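Source file: coords28.txt. Holds: compact mmCIF, C-alpha atoms.
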```
# COMPACT_ATOMS: atom_id res chain seq x y z
CA MET A 1 -22.28 -8.08 -2.67
CA PRO A 2 -25.45 -6.97 -4.47
CA ILE A 3 -25.91 -3.23 -4.93
CA PRO A 4 -28.90 -2.83 -2.56
CA GLU A 5 -26.91 -4.35 0.32
CA ASP A 6 -23.97 -2.05 -0.35
CA ILE A 7 -26.29 0.97 -0.49
CA ALA A 8 -27.78 -0.02 2.88
CA ALA A 9 -24.30 -0.55 4.37
CA ILE A 10 -23.14 2.87 3.12
CA ALA A 11 -26.25 4.51 4.61
CA ARG A 12 -25.25 2.95 7.94
CA GLN A 13 -21.69 4.25 7.53
CA GLU A 14 -22.99 7.73 6.78
CA LYS A 15 -25.26 7.66 9.83
CA GLU A 16 -22.77 6.22 12.29
CA LEU A 17 -19.74 8.24 11.22
CA THR A 18 -21.19 11.48 12.50
CA LEU A 19 -18.57 13.72 14.07
CA GLU A 20 -18.98 15.49 17.41
CA HIS A 21 -17.07 18.49 16.03
CA PHE A 22 -14.85 19.27 13.08
CA ASP A 23 -12.38 22.11 12.79
CA HIS A 24 -9.07 22.85 11.09
CA ASN A 25 -7.15 20.73 13.57
CA ASP A 26 -9.50 17.77 13.09
CA ALA A 27 -9.06 18.09 9.33
CA TRP A 28 -5.30 18.01 9.76
CA ARG A 29 -5.44 14.93 12.02
CA LEU A 30 -7.81 13.08 9.68
CA GLY A 31 -5.81 14.01 6.59
CA THR A 32 -2.52 13.05 8.22
CA ALA A 33 -3.93 9.69 9.33
CA LEU A 34 -5.16 9.02 5.79
CA ARG A 35 -1.78 9.98 4.39
CA GLU A 36 0.07 7.72 6.83
CA ILE A 37 -2.12 4.76 5.85
CA ALA A 38 -1.58 5.50 2.17
CA VAL A 39 2.20 5.83 2.50
CA ALA A 40 2.44 2.60 4.53
CA ARG A 41 0.44 0.77 1.86
CA ARG A 42 2.30 2.48 -1.00
CA TYR A 43 -0.89 3.95 -2.47
CA SER A 44 -0.66 6.61 -5.16
CA ILE A 45 -3.59 8.78 -4.12
CA VAL A 46 -4.73 12.34 -3.68
CA ILE A 47 -6.38 13.22 -0.35
CA ASP A 48 -8.59 16.29 -0.05
CA ILE A 49 -10.59 17.58 2.90
CA ARG A 50 -12.71 20.67 2.39
CA ARG A 51 -15.45 22.70 4.04
CA PHE A 52 -18.44 23.61 1.91
CA GLY A 53 -19.43 27.22 1.40
CA ASP A 54 -19.06 29.95 -1.13
CA PRO A 55 -16.21 29.63 -1.78
CA TRP A 56 -15.26 26.17 -0.60
CA GLN A 57 -12.47 26.15 1.96
CA PRO A 58 -9.61 23.65 1.51
CA LEU A 59 -8.53 22.26 4.89
CA PHE A 60 -6.12 19.47 3.85
CA TYR A 61 -4.63 18.37 0.55
CA THR A 62 -1.83 16.04 -0.49
CA ALA A 63 -0.89 14.29 -3.72
CA LEU A 64 1.33 11.27 -3.23
CA PRO A 65 3.92 10.08 -5.76
CA GLY A 66 2.38 8.47 -8.83
CA THR A 67 -0.70 10.70 -8.96
CA THR A 68 -1.50 13.06 -11.81
CA PRO A 69 -3.55 16.23 -12.26
CA ASP A 70 -6.42 13.93 -13.29
CA ASN A 71 -6.68 12.73 -9.68
CA ALA A 72 -7.23 16.32 -8.51
CA ARG A 73 -9.97 16.69 -11.13
CA TRP A 74 -11.64 13.48 -9.91
CA VAL A 75 -11.56 14.91 -6.37
CA GLN A 76 -13.40 18.02 -7.55
CA ARG A 77 -16.03 16.03 -9.45
CA LYS A 78 -16.63 13.62 -6.54
CA SER A 79 -16.81 16.53 -4.08
CA ASN A 80 -19.47 18.18 -6.24
CA VAL A 81 -21.61 15.05 -5.83
CA VAL A 82 -21.37 15.12 -2.04
CA ALA A 83 -21.97 18.87 -1.90
CA ARG A 84 -25.12 18.48 -3.99
CA PHE A 85 -26.61 15.29 -2.52
CA HIS A 86 -25.10 15.17 1.01
CA ARG A 87 -24.39 11.48 0.48
CA SER A 88 -21.21 9.61 -0.32
CA SER A 89 -20.25 9.65 -3.97
CA TYR A 90 -20.14 5.83 -3.96
CA ALA A 91 -23.72 5.54 -2.67
CA ILE A 92 -24.95 7.94 -5.33
CA GLY A 93 -23.04 6.03 -8.01
CA LEU A 94 -24.49 2.71 -6.89
CA GLU A 95 -28.01 4.18 -6.83
CA MET A 96 -27.51 5.52 -10.37
CA GLN A 97 -26.23 2.11 -11.47
CA LEU A 98 -29.21 0.37 -9.86
CA LYS A 99 -31.59 2.72 -11.70
CA ASN A 100 -29.57 2.38 -14.91
CA THR A 101 -29.28 6.13 -15.34
CA THR A 102 -26.67 8.91 -15.50
CA PHE A 103 -26.29 12.43 -14.11
CA PRO A 104 -27.11 14.06 -17.45
CA ALA A 105 -30.22 11.91 -17.93
CA ARG A 106 -31.57 12.09 -14.37
CA TYR A 107 -30.47 15.49 -13.10
CA ALA A 108 -29.26 17.42 -16.16
CA LEU A 109 -25.81 17.56 -14.54
CA SER A 110 -22.63 17.34 -16.58
CA ASP A 111 -20.31 14.36 -16.24
CA ALA A 112 -17.52 16.91 -16.63
CA ASP A 113 -18.52 18.40 -13.26
CA TYR A 114 -19.92 15.40 -11.35
CA ALA A 115 -18.46 11.93 -10.81
CA ALA A 116 -20.64 9.36 -9.08
CA HIS A 117 -17.63 7.21 -8.21
CA GLY A 118 -16.49 6.09 -4.79
CA GLY A 119 -14.06 8.05 -2.70
CA CYS A 120 -15.86 11.11 -1.35
CA PHE A 121 -17.64 10.96 2.00
CA PRO A 122 -19.68 13.68 3.72
CA LEU A 123 -18.43 15.22 6.95
CA HIS A 124 -21.57 15.19 9.07
CA VAL A 125 -21.19 17.09 12.32
CA ALA A 126 -23.73 16.50 15.09
CA GLY A 127 -26.01 19.51 15.47
CA ALA A 128 -24.61 21.22 12.38
CA GLY A 129 -25.24 18.88 9.43
CA ILE A 130 -23.03 18.22 6.42
CA LEU A 131 -20.21 20.77 6.60
CA GLY A 132 -17.79 19.37 4.04
CA CYS A 133 -16.24 16.22 2.69
CA VAL A 134 -13.16 14.05 2.65
CA THR A 135 -12.09 12.63 -0.71
CA VAL A 136 -9.58 10.08 -1.95
CA SER A 137 -8.72 9.49 -5.60
CA GLY A 138 -6.32 6.99 -7.10
CA LEU A 139 -7.57 3.51 -6.22
CA ALA A 140 -10.54 1.57 -7.55
CA GLN A 141 -13.71 3.37 -6.46
CA ARG A 142 -14.73 0.84 -3.81
CA ALA A 143 -11.21 0.95 -2.35
CA ASP A 144 -11.22 4.78 -2.39
CA HIS A 145 -14.52 4.72 -0.47
CA GLU A 146 -13.36 2.13 2.06
CA LEU A 147 -10.08 3.94 2.71
CA VAL A 148 -12.02 7.06 3.68
CA VAL A 149 -14.36 5.02 5.89
CA GLU A 150 -11.40 3.30 7.55
CA ALA A 151 -9.78 6.66 8.35
CA LEU A 152 -13.06 8.11 9.65
CA CYS A 153 -13.43 5.06 11.89
CA LEU A 154 -9.95 5.72 13.31
CA HIS A 155 -10.79 9.40 13.74
CA THR A 156 -14.08 8.67 15.55
CA HIS A 157 -12.77 5.64 17.48
CA ARG A 158 -15.22 3.31 15.74
CA ASP A 159 -14.58 -0.33 14.87
CA TYR A 160 -13.92 -0.41 11.12
CA GLU A 161 -14.62 -4.14 10.91
CA THR A 162 -18.24 -3.55 11.94
CA LEU A 163 -18.75 -0.75 9.40
CA ARG A 164 -16.75 -1.91 6.39
CA LEU A 165 -18.47 -3.05 3.24
CA SER A 166 -18.65 -6.78 2.69
CA LEU A 167 -15.45 -8.31 1.37
CA ALA A 168 -17.43 -10.38 -1.14
CA VAL A 169 -17.92 -8.26 -4.23
```
Reformat the file's structure so that it appears as structure tokens.
Amino acid sequence: MPIPEDIAAIARQEKELTLEHFDHNDAWRLGTALREIAVARRYSIVIDIRRFGDPWQPLFYTALPGTTPDNARWVQRKSNVVARFHRSSYAIGLEMQLKNTTFPARYALSDADYAAHGGCFPLHVAGAGILGCVTVSGLAQRADHELVVEALCLHTHRDYETLRLSLAV
């Protein structure tokens, strides 16, 4: 699918996957659901759910067999993107690609600290705004993004088939 259509679809995901509330127990349920999907599909991924603030508060973390410390570093870099822009890391990456630019060139941000690659999605809570993010690292970036969206759809009782990105890439 062309980049502008994916960007529009991700904007819809971000809008419609607003949470009514989000606390420690919700983080555990979402993280556990993500982990169960990953184990069933034999994915080697890291899953991270955190609340933004100073300092950031980790709410859920797991590294499945086959992952490396690099996956944890990717999580941090993707999370920095969502914390800064309040958009999914995949949407920001696609927008950068569409504009043929990079973080250092456009925002004077280091690639060592920011990764505009799919897999990190903002946790938008109704009435409160973006409170944190959920991140997956270990698959191709589009698959990382879609796995998070699928889990958020389960968590919010939304139909994933109506929110997923187009299968034609």
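Of the residues listed (A:Asp23, A:Glu36, A:Glu150, A:Glu161), A:Asp23 shows the shortest atom-to-atom separation from Gly132 of chain A; distances use all atoms listed in the file.
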Who sits within 9 Å of Leu30 of chain A, all atoms listed in the file, same chain under 5 positions skipped, as a list in words: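 Final neighbour list, sorted by chain and number: Asn25, Arg35, Ile49, Phe60, Val134, Ala151, Leu152, Leu154 and His155 of chain A.
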Written file, previous selection with C-alpha atoms, as a compact mmCIF listing (two decimals), in the coordinates of the input:
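Saved result, selection.txt, follows:
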```txt
# COMPACT_ATOMS: atom_id res chain seq x y z
CA ASN A 25 -7.15 20.73 13.57
CA ARG A 35 -1.78 9.98 4.39
CA ILE A 49 -10.59 17.58 2.90
CA PHE A 60 -6.12 19.47 3.85
CA VAL A 134 -13.16 14.05 2.65
CA ALA A 151 -9.78 6.66 8.35
CA LEU A 152 -13.06 8.11 9.65
CA LEU A 154 -9.95 5.72 13.31
CA HIS A 155 -10.79 9.40 13.74
```
Segment 86-96 of chain A surroundings by all atoms listed in the file, 8 Å radius, close-in-sequence under 4 positions cut, as a ChimeraX atom specification: /A:3,6-7,10-11,14,78-79,81-82,100-103,115-122,130,141-142,145
Writing out the chosen residues with C-alpha atoms as a PDB file, in the coordinates of the input:
```pdb
ATOM      1  CA  ILE A   3     -25.910  -3.230  -4.930  1.00  0.00           C
ATOM      2  CA  ASP A   6     -23.970  -2.050  -0.350  1.00  0.00           C
ATOM      3  CA  ILE A   7     -26.290   0.970  -0.490  1.00  0.00           C
ATOM      4  CA  ILE A  10     -23.140   2.870   3.120  1.00  0.00           C
ATOM      5  CA  ALA A  11     -26.250   4.510   4.610  1.00  0.00           C
ATOM      6  CA  GLU A  14     -22.990   7.730   6.780  1.00  0.00           C
ATOM      7  CA  LYS A  78     -16.630  13.620  -6.540  1.00  0.00           C
ATOM      8  CA  SER A  79     -16.810  16.530  -4.080  1.00  0.00           C
ATOM      9  CA  VAL A  81     -21.610  15.050  -5.830  1.00  0.00           C
ATOM     10  CA  VAL A  82     -21.370  15.120  -2.040  1.00  0.00           C
ATOM     11  CA  ASN A 100     -29.570   2.380 -14.910  1.00  0.00           C
ATOM     12  CA  THR A 101     -29.280   6.130 -15.340  1.00  0.00           C
ATOM     13  CA  THR A 102     -26.670   8.910 -15.500  1.00  0.00           C
ATOM     14  CA  PHE A 103     -26.290  12.430 -14.110  1.00  0.00           C
ATOM     15  CA  ALA A 115     -18.460  11.930 -10.810  1.00  0.00           C
ATOM     16  CA  ALA A 116     -20.640   9.360  -9.080  1.00  0.00           C
ATOM     17  CA  HIS A 117     -17.630   7.210  -8.210  1.00  0.00           C
ATOM     18  CA  GLY A 118     -16.490   6.090  -4.790  1.00  0.00           C
ATOM     19  CA  GLY A 119     -14.060   8.050  -2.700  1.00  0.00           C
ATOM     20  CA  CYS A 120     -15.860  11.110  -1.350  1.00  0.00           C
ATOM     21  CA  PHE A 121     -17.640  10.960   2.000  1.00  0.00           C
ATOM     22  CA  PRO A 122     -19.680  13.680   3.720  1.00  0.00           C
ATOM     23  CA  ILE A 130     -23.030  18.220   6.420  1.00  0.00           C
ATOM     24  CA  GLN A 141     -13.710   3.370  -6.460  1.00  0.00           C
ATOM     25  CA  ARG A 142     -14.730   0.840  -3.810  1.00  0.00           C
ATOM     26  CA  HIS A 145     -14.520   4.720  -0.470  1.00  0.00           C
TER      27      HIS A 145
END
```
Of the listed residues A:Thr62, A:Asn80, A:Gln57, A:Thr18, that which approaches Ala38 of chain A most closely, counting all atoms listed in the file: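 Result for the nearest residue to Ala38 of chain A: A:Thr62.
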Report, as lines of an AutoDock Vina configuration file, the centre and edge lengths in Å (one decimal) of the axis-aligned box enclosing every listed atom of segment 130-137 of chain A, padded by 4 Å on each side.
```
center_x = -15.9
center_y = 15.1
center_z = 0.5
size_x = 22.3
size_y = 19.3
size_z = 20.2
```
Long-range neighbours of Ile45 of chain A as a ChimeraX atom specification, 12 Å cut-off, all atoms listed in the file, 2 positions minimum in chain: /A:34-39,41-43,47-48,61-72,74-75,119,135-141,143-144,147-148
